[in-house]
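Listing of protein-v7.cif, mmCIF, C-alpha atoms
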```cif
data_data
loop_
_atom_site.group_PDB
_atom_site.id
_atom_site.type_symbol
_atom_site.label_atom_id
_atom_site.label_comp_id
_atom_site.auth_asym_id
_atom_site.auth_seq_id
_atom_site.Cartn_x
_atom_site.Cartn_y
_atom_site.Cartn_z
ATOM 1 C CA MET A 20 28.780 -23.880 20.157
ATOM 2 C CA ALA A 21 25.794 -22.097 18.544
ATOM 3 C CA LEU A 22 27.140 -18.729 19.732
ATOM 4 C CA TRP A 23 30.599 -19.561 18.362
ATOM 5 C CA LYS A 24 29.126 -20.533 14.992
ATOM 6 C CA THR A 25 27.172 -17.273 14.826
ATOM 7 C CA ARG A 26 30.291 -15.243 15.548
ATOM 8 C CA THR A 27 32.283 -17.035 12.841
ATOM 9 C CA LEU A 28 29.654 -16.494 10.113
ATOM 10 C CA SER A 29 30.389 -13.981 7.399
ATOM 11 C CA VAL A 30 28.319 -10.806 7.062
ATOM 12 C CA ASP A 31 26.501 -12.245 4.021
ATOM 13 C CA GLN A 32 25.667 -15.479 5.885
ATOM 14 C CA ARG A 33 24.276 -13.533 8.854
ATOM 15 C CA ALA A 34 22.170 -11.392 6.518
ATOM 16 C CA HIS A 35 20.812 -14.520 4.825
ATOM 17 C CA ILE A 36 19.811 -16.060 8.178
ATOM 18 C CA ALA A 37 18.182 -12.810 9.283
ATOM 19 C CA GLU A 38 16.219 -12.711 6.026
ATOM 20 C CA GLU A 39 15.011 -16.297 6.514
ATOM 21 C CA GLU A 40 13.922 -15.568 10.102
ATOM 22 C CA SER A 41 12.076 -12.488 8.886
ATOM 23 C CA ASP A 42 10.276 -14.554 6.242
ATOM 24 C CA VAL A 43 9.113 -17.082 8.825
ATOM 25 C CA SER A 44 7.606 -14.348 11.027
ATOM 26 C CA ASP A 45 5.895 -12.692 8.049
ATOM 27 C CA PRO A 46 2.278 -13.964 7.847
ATOM 28 C CA PHE A 47 2.198 -13.086 4.136
ATOM 29 C CA PHE A 48 5.401 -14.969 3.314
ATOM 30 C CA LEU A 49 4.988 -17.191 0.251
ATOM 31 C CA PRO A 50 7.289 -19.956 -1.004
ATOM 32 C CA GLY A 51 9.362 -18.975 -4.010
ATOM 33 C CA ASP A 52 7.384 -21.247 -6.329
ATOM 34 C CA VAL A 53 4.134 -19.334 -5.752
ATOM 35 C CA ALA A 54 3.356 -16.901 -8.540
ATOM 36 C CA VAL A 55 0.059 -15.673 -9.917
ATOM 37 C CA VAL A 56 -0.672 -16.866 -13.439
ATOM 38 C CA SER A 57 -2.837 -14.204 -15.037
ATOM 39 C CA ASP A 58 -3.236 -15.902 -18.409
ATOM 40 C CA ALA A 59 -4.340 -19.315 -17.114
ATOM 41 C CA ASP A 60 -6.581 -21.111 -19.580
ATOM 42 C CA PRO A 61 -9.869 -22.142 -17.896
ATOM 43 C CA LEU A 62 -10.117 -24.982 -20.433
ATOM 44 C CA GLN A 63 -7.170 -26.582 -18.626
ATOM 45 C CA MET A 64 -8.933 -26.225 -15.278
ATOM 46 C CA SER A 65 -11.981 -27.912 -13.730
ATOM 47 C CA LYS A 66 -15.112 -25.873 -13.088
ATOM 48 C CA VAL A 67 -15.925 -26.498 -9.425
ATOM 49 C CA TYR A 68 -18.624 -23.911 -8.765
ATOM 50 C CA ALA A 69 -21.089 -21.653 -10.578
ATOM 51 C CA CYS A 70 -23.938 -19.475 -9.322
ATOM 52 C CA ASP A 71 -26.094 -16.428 -10.031
ATOM 53 C CA LEU A 72 -25.830 -13.735 -7.390
ATOM 54 C CA PRO A 73 -27.934 -10.764 -6.314
ATOM 55 C CA GLY A 74 -26.198 -7.449 -6.773
ATOM 56 C CA ASP A 75 -23.920 -5.957 -9.365
ATOM 57 C CA VAL A 76 -20.342 -7.028 -10.050
ATOM 58 C CA GLU A 77 -18.791 -4.447 -7.729
ATOM 59 C CA LEU A 78 -20.917 -5.665 -4.816
ATOM 60 C CA VAL A 79 -19.883 -9.277 -5.417
ATOM 61 C CA MET A 80 -16.226 -8.261 -5.620
ATOM 62 C CA LYS A 81 -16.479 -6.975 -2.045
ATOM 63 C CA ILE A 82 -15.909 -10.632 -1.122
ATOM 64 C CA PHE A 83 -12.300 -9.847 -2.109
ATOM 65 C CA GLY A 84 -12.373 -6.152 -1.226
ATOM 66 C CA GLY A 85 -10.471 -6.218 2.038
ATOM 67 C CA GLY A 86 -13.326 -4.556 3.904
ATOM 68 C CA GLU A 87 -15.888 -5.476 6.522
ATOM 69 C CA MET A 88 -17.907 -7.791 4.270
ATOM 70 C CA GLU A 89 -14.862 -9.882 3.357
ATOM 71 C CA ARG A 90 -13.788 -10.134 6.997
ATOM 72 C CA LYS A 91 -17.244 -11.249 8.160
ATOM 73 C CA ILE A 92 -17.653 -13.840 5.420
ATOM 74 C CA MET A 93 -14.204 -15.340 5.903
ATOM 75 C CA GLU A 94 -14.491 -15.488 9.685
ATOM 76 C CA LYS A 95 -17.939 -17.119 9.510
ATOM 77 C CA SER A 96 -16.644 -19.614 6.930
ATOM 78 C CA GLY A 97 -13.978 -20.854 9.344
ATOM 79 C CA CYS A 98 -10.935 -18.615 8.801
ATOM 80 C CA LEU A 99 -8.912 -17.564 11.842
ATOM 81 C CA ASN A 100 -6.536 -14.572 12.007
ATOM 82 C CA TYR A 101 -7.703 -13.465 8.551
ATOM 83 C CA ALA A 102 -5.578 -10.666 7.103
ATOM 84 C CA SER A 103 -4.892 -9.199 3.685
ATOM 85 C CA THR A 104 -2.640 -6.587 2.164
ATOM 86 C CA THR A 105 -4.144 -3.727 0.175
ATOM 87 C CA TRP A 106 -4.627 -4.151 -3.563
ATOM 88 C CA GLU A 107 -1.656 -2.669 -5.423
ATOM 89 C CA SER A 108 -1.807 -1.613 -9.054
ATOM 90 C CA LYS A 109 0.783 -3.448 -11.157
ATOM 91 C CA LYS A 110 -0.427 -2.418 -14.612
ATOM 92 C CA PRO A 111 -3.507 -0.589 -15.880
ATOM 93 C CA GLY A 112 -6.461 -2.777 -14.865
ATOM 94 C CA ILE A 113 -4.305 -5.328 -12.981
ATOM 95 C CA TYR A 114 -4.010 -5.440 -9.178
ATOM 96 C CA GLU A 115 -2.283 -7.796 -6.735
ATOM 97 C CA ARG A 116 -2.396 -8.539 -3.023
ATOM 98 C CA ARG A 117 -1.620 -11.291 -0.499
ATOM 99 C CA VAL A 118 -3.886 -13.031 1.996
ATOM 100 C CA SER A 119 -3.084 -14.977 5.155
ATOM 101 C CA TYR A 120 -5.276 -17.016 7.534
ATOM 102 C CA LYS A 121 -5.668 -20.323 9.348
ATOM 103 C CA TYR A 122 -8.456 -22.878 9.077
ATOM 104 C CA ASN A 123 -10.381 -23.758 12.203
ATOM 105 C CA HIS A 124 -10.711 -27.460 13.022
ATOM 106 C CA THR A 125 -14.252 -27.591 11.681
ATOM 107 C CA VAL A 126 -12.950 -26.801 8.189
ATOM 108 C CA SER A 127 -9.815 -28.926 8.513
ATOM 109 C CA VAL A 128 -8.955 -31.491 11.177
ATOM 110 C CA PHE A 129 -5.324 -30.438 10.749
ATOM 111 C CA GLY A 130 -5.990 -26.722 11.157
ATOM 112 C CA GLY A 131 -3.084 -25.445 9.138
ATOM 113 C CA GLY A 132 -2.162 -22.079 7.707
ATOM 114 C CA VAL A 133 -2.894 -20.618 4.292
ATOM 115 C CA THR A 134 -1.127 -17.941 2.286
ATOM 116 C CA CYS A 135 -2.461 -16.733 -1.046
ATOM 117 C CA SER A 136 -1.174 -14.598 -3.875
ATOM 118 C CA GLN A 137 -4.083 -12.981 -5.691
ATOM 119 C CA GLN A 138 -4.327 -10.995 -8.892
ATOM 120 C CA LYS A 139 -7.464 -9.393 -10.288
ATOM 121 C CA SER A 140 -7.886 -7.932 -13.749
ATOM 122 C CA THR A 141 -10.770 -6.523 -15.747
ATOM 123 C CA ALA A 142 -12.642 -9.042 -17.896
ATOM 124 C CA PRO A 143 -12.883 -8.521 -21.667
ATOM 125 C CA ASN A 144 -15.434 -5.906 -22.767
ATOM 126 C CA ASP A 145 -15.631 -4.614 -19.177
ATOM 127 C CA GLU A 146 -18.030 -7.443 -18.285
ATOM 128 C CA GLY A 147 -16.577 -7.756 -14.795
ATOM 129 C CA TRP A 148 -13.461 -9.110 -13.119
ATOM 130 C CA ILE A 149 -11.221 -12.176 -13.305
ATOM 131 C CA LEU A 150 -9.407 -13.085 -10.103
ATOM 132 C CA ASN A 151 -6.583 -15.632 -10.003
ATOM 133 C CA ASP A 152 -5.714 -17.042 -6.604
ATOM 134 C CA ILE A 153 -2.662 -19.213 -5.901
ATOM 135 C CA VAL A 154 -3.092 -21.004 -2.571
ATOM 136 C CA ALA A 155 -0.263 -22.501 -0.498
ATOM 137 C CA LEU A 156 -1.284 -24.749 2.423
ATOM 138 C CA HIS A 157 1.001 -25.102 5.447
ATOM 139 C CA ASP A 158 1.168 -27.675 8.254
ATOM 140 C CA VAL A 159 -1.104 -30.156 6.455
ATOM 141 C CA PRO A 160 -0.047 -33.571 5.087
ATOM 142 C CA PHE A 161 1.798 -33.213 1.757
ATOM 143 C CA GLY A 162 1.034 -29.463 1.730
ATOM 144 C CA ASP A 163 4.515 -28.683 0.416
ATOM 145 C CA ASN A 164 3.963 -30.969 -2.567
ATOM 146 C CA PHE A 165 1.254 -28.970 -4.325
ATOM 147 C CA ARG A 166 -0.354 -25.580 -4.911
ATOM 148 C CA VAL A 167 -4.028 -24.886 -5.591
ATOM 149 C CA HIS A 168 -4.901 -22.449 -8.374
ATOM 150 C CA LEU A 169 -8.393 -20.904 -8.316
ATOM 151 C CA ARG A 170 -9.789 -18.689 -11.058
ATOM 152 C CA TYR A 171 -12.906 -16.628 -10.298
ATOM 153 C CA GLU A 172 -14.865 -15.069 -13.149
ATOM 154 C CA VAL A 173 -17.397 -12.529 -11.864
ATOM 155 C CA LYS A 174 -19.435 -10.986 -14.689
ATOM 156 C CA LYS A 175 -22.665 -9.137 -15.378
ATOM 157 C CA ALA A 176 -25.660 -11.464 -15.650
ATOM 158 C CA GLY A 177 -28.543 -9.251 -16.745
ATOM 159 C CA VAL A 178 -29.041 -6.349 -19.103
ATOM 160 C CA ASP A 179 -29.814 -4.092 -16.139
ATOM 161 C CA CYS A 180 -26.483 -5.139 -14.488
ATOM 162 C CA LYS A 181 -28.257 -5.651 -11.154
ATOM 163 C CA THR A 182 -27.351 -9.343 -10.976
ATOM 164 C CA SER A 183 -24.066 -11.169 -11.484
ATOM 165 C CA LYS A 184 -22.847 -14.628 -12.346
ATOM 166 C CA CYS A 185 -19.780 -16.270 -10.893
ATOM 167 C CA GLU A 186 -17.839 -19.254 -12.189
ATOM 168 C CA VAL A 187 -14.890 -20.746 -10.327
ATOM 169 C CA TYR A 188 -12.260 -23.001 -11.874
ATOM 170 C CA LEU A 189 -9.621 -25.027 -10.039
ATOM 171 C CA ARG A 190 -6.367 -26.737 -10.892
ATOM 172 C CA ILE A 191 -3.882 -28.491 -8.620
ATOM 173 C CA ARG A 192 -0.242 -28.033 -9.520
ATOM 174 C CA TRP A 193 1.931 -30.834 -8.170
ATOM 175 C CA LEU A 194 5.485 -29.834 -7.324
ATOM 176 C CA LYS A 195 6.550 -33.358 -6.335
ATOM 177 C CA PRO A 196 4.929 -36.629 -7.445
ATOM 178 C CA ILE A 197 3.523 -38.746 -4.614
ATOM 179 C CA LYS A 198 1.771 -42.092 -4.369
ATOM 180 C CA PHE A 199 -1.604 -40.719 -3.228
ATOM 181 C CA GLU A 200 -1.792 -37.883 -5.762
ATOM 182 C CA GLN A 201 -5.139 -38.886 -7.279
ATOM 183 C CA ARG A 202 -6.822 -39.453 -3.914
ATOM 184 C CA ILE A 203 -5.547 -36.160 -2.487
ATOM 185 C CA SER A 204 -6.580 -34.271 -5.635
ATOM 186 C CA LYS A 205 -10.129 -35.620 -5.343
ATOM 187 C CA SER A 206 -10.292 -34.627 -1.664
ATOM 188 C CA ILE A 207 -8.991 -31.110 -2.366
ATOM 189 C CA MET A 208 -11.494 -30.582 -5.181
ATOM 190 C CA GLU A 209 -14.375 -31.669 -2.951
ATOM 191 C CA LYS A 210 -13.299 -29.523 0.016
ATOM 192 C CA PHE A 211 -12.864 -26.404 -2.118
ATOM 193 C CA ARG A 212 -16.197 -27.019 -3.861
ATOM 194 C CA ASN A 213 -17.962 -27.192 -0.484
ATOM 195 C CA ARG A 214 -16.055 -24.189 0.805
ATOM 196 C CA LEU A 215 -16.996 -22.062 -2.208
ATOM 197 C CA LYS A 216 -20.671 -22.848 -1.645
ATOM 198 C CA VAL A 217 -20.371 -21.762 1.990
ATOM 199 C CA ILE A 218 -18.636 -18.499 1.040
ATOM 200 C CA PHE A 219 -21.141 -17.486 -1.633
ATOM 201 C CA ASP A 220 -24.112 -18.500 0.528
ATOM 202 C CA LEU A 221 -22.734 -16.243 3.254
ATOM 203 C CA PHE A 222 -22.314 -13.442 0.723
ATOM 204 C CA GLN A 223 -25.986 -13.675 -0.217
ATOM 205 C CA LYS A 224 -27.012 -13.561 3.450
ATOM 206 C CA GLU A 225 -24.750 -10.576 4.128
ATOM 207 C CA SER A 226 -25.969 -8.684 1.054
ATOM 208 C CA VAL A 227 -29.615 -9.269 2.036
ATOM 209 C CA ALA A 228 -28.893 -8.148 5.614
ATOM 210 C CA ASN A 229 -27.169 -4.989 4.359
ATOM 211 C CA SER A 230 -30.086 -4.236 2.027
ATOM 212 C CA SER A 231 -32.527 -4.599 4.946
ATOM 213 C CA LEU A 232 -30.491 -2.179 7.050
ATOM 214 C CA THR A 233 -30.431 0.316 4.184
ATOM 215 C CA LEU A 234 -34.224 0.257 3.979
ATOM 216 C CA LEU A 235 -34.672 0.925 7.715
#
```
What does the file become when written as structure tokens?
Amino acid sequence: MALWKTRTLSVDQRAHIAEEESDVSDPFFLPGDVAVVSDADPLQMSKVYACDLPGDVELVMKIFGGGEMERKIMEKSGCLNYASTTWESKKPGIYERRVSYKYNHTVSVFGGGVTCSQQKSTAPNDEGWILNDIVALHDVPFGDNFRVHLRYEVKKAGVDCKTSKCEVYLRIRWLKPIKFEQRISKSIMEKFRNRLKVIFDLFQKESVANSSLTLL
């Protein structure tokens, strides 16, 4: 019956099915509702993390650079099968990429997959970078009902530009209203707050280790 149905489909219908199957196998596939919002107002978001960091802005941005430092930090923080596309220039000073990984069961009892659409742009007055990250969670309870929007602001901290400051804002965008919305929102905020601390603590350890190797 399945074979008969396939044979009787039109060319357009077959192409549509093939496209859907391709999307499922694509680790960077994002639902149609996921789009980076570059002009998000941080006043409409909750600040979930802030810290001062050793190193200049460009060193800190290696957390999102797609290189060895990013891979090490994300793997140590509990990400499995971590992969990212290269940053592509969309406009002068604006770049976009996609990220894909899975949480290990230490981070999430459900495991689950994650796909992200990220956009980075230069901060006003060339103070640093602003990175917007739209996160879609898969195979977790109610994951299809919301998206998590993170906004990272990485800027110069000192006059000598040898230190940086990072502030992270978060907003949950609900696609469908559910009964446990407030409880889930609180849990998501807490988990991302803890996760951000782990990531930036790992960055500091990695940057210190790299500095030690440079001095040898």
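If you measure from each of A:Val173, A:Ile92, A:Cys135, A:Val167 to Tyr68 in chain A using all atoms listed in the file, the closest one turns out to be A:Val173.
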- Using all atoms listed in the file, which of A:Tyr120, A:Phe161, A:Phe222, A:Trp148 sits nearest Lys198 in chain A? A:Phe161
- Query: What do you get, as JSON, numbers by chain, if you spell out every residue that the PyMOL selection byres ((chain A and resi 136-144) around 6) selects here?
  - Reply: {"A": [112, 113, 114, 115, 116, 117, 135, 145, 146, 147, 148, 149, 150, 151, 152, 153]}
- Task: Would you be able to write out as a VMD selection string which residues have an atom within 6 Å of (-13.4, -22.7, -11.2) in the file's coordinates, counting only C-alpha atoms?
- Result: chain A and resid 65 to 68 170 186 to 189
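Candidate residues A:Ser183, A:Asn123, A:Ser206, A:Gln223 were compared for distance to Asp71 in chain A, and the nearest is A:Ser183, using all atoms listed in the file.
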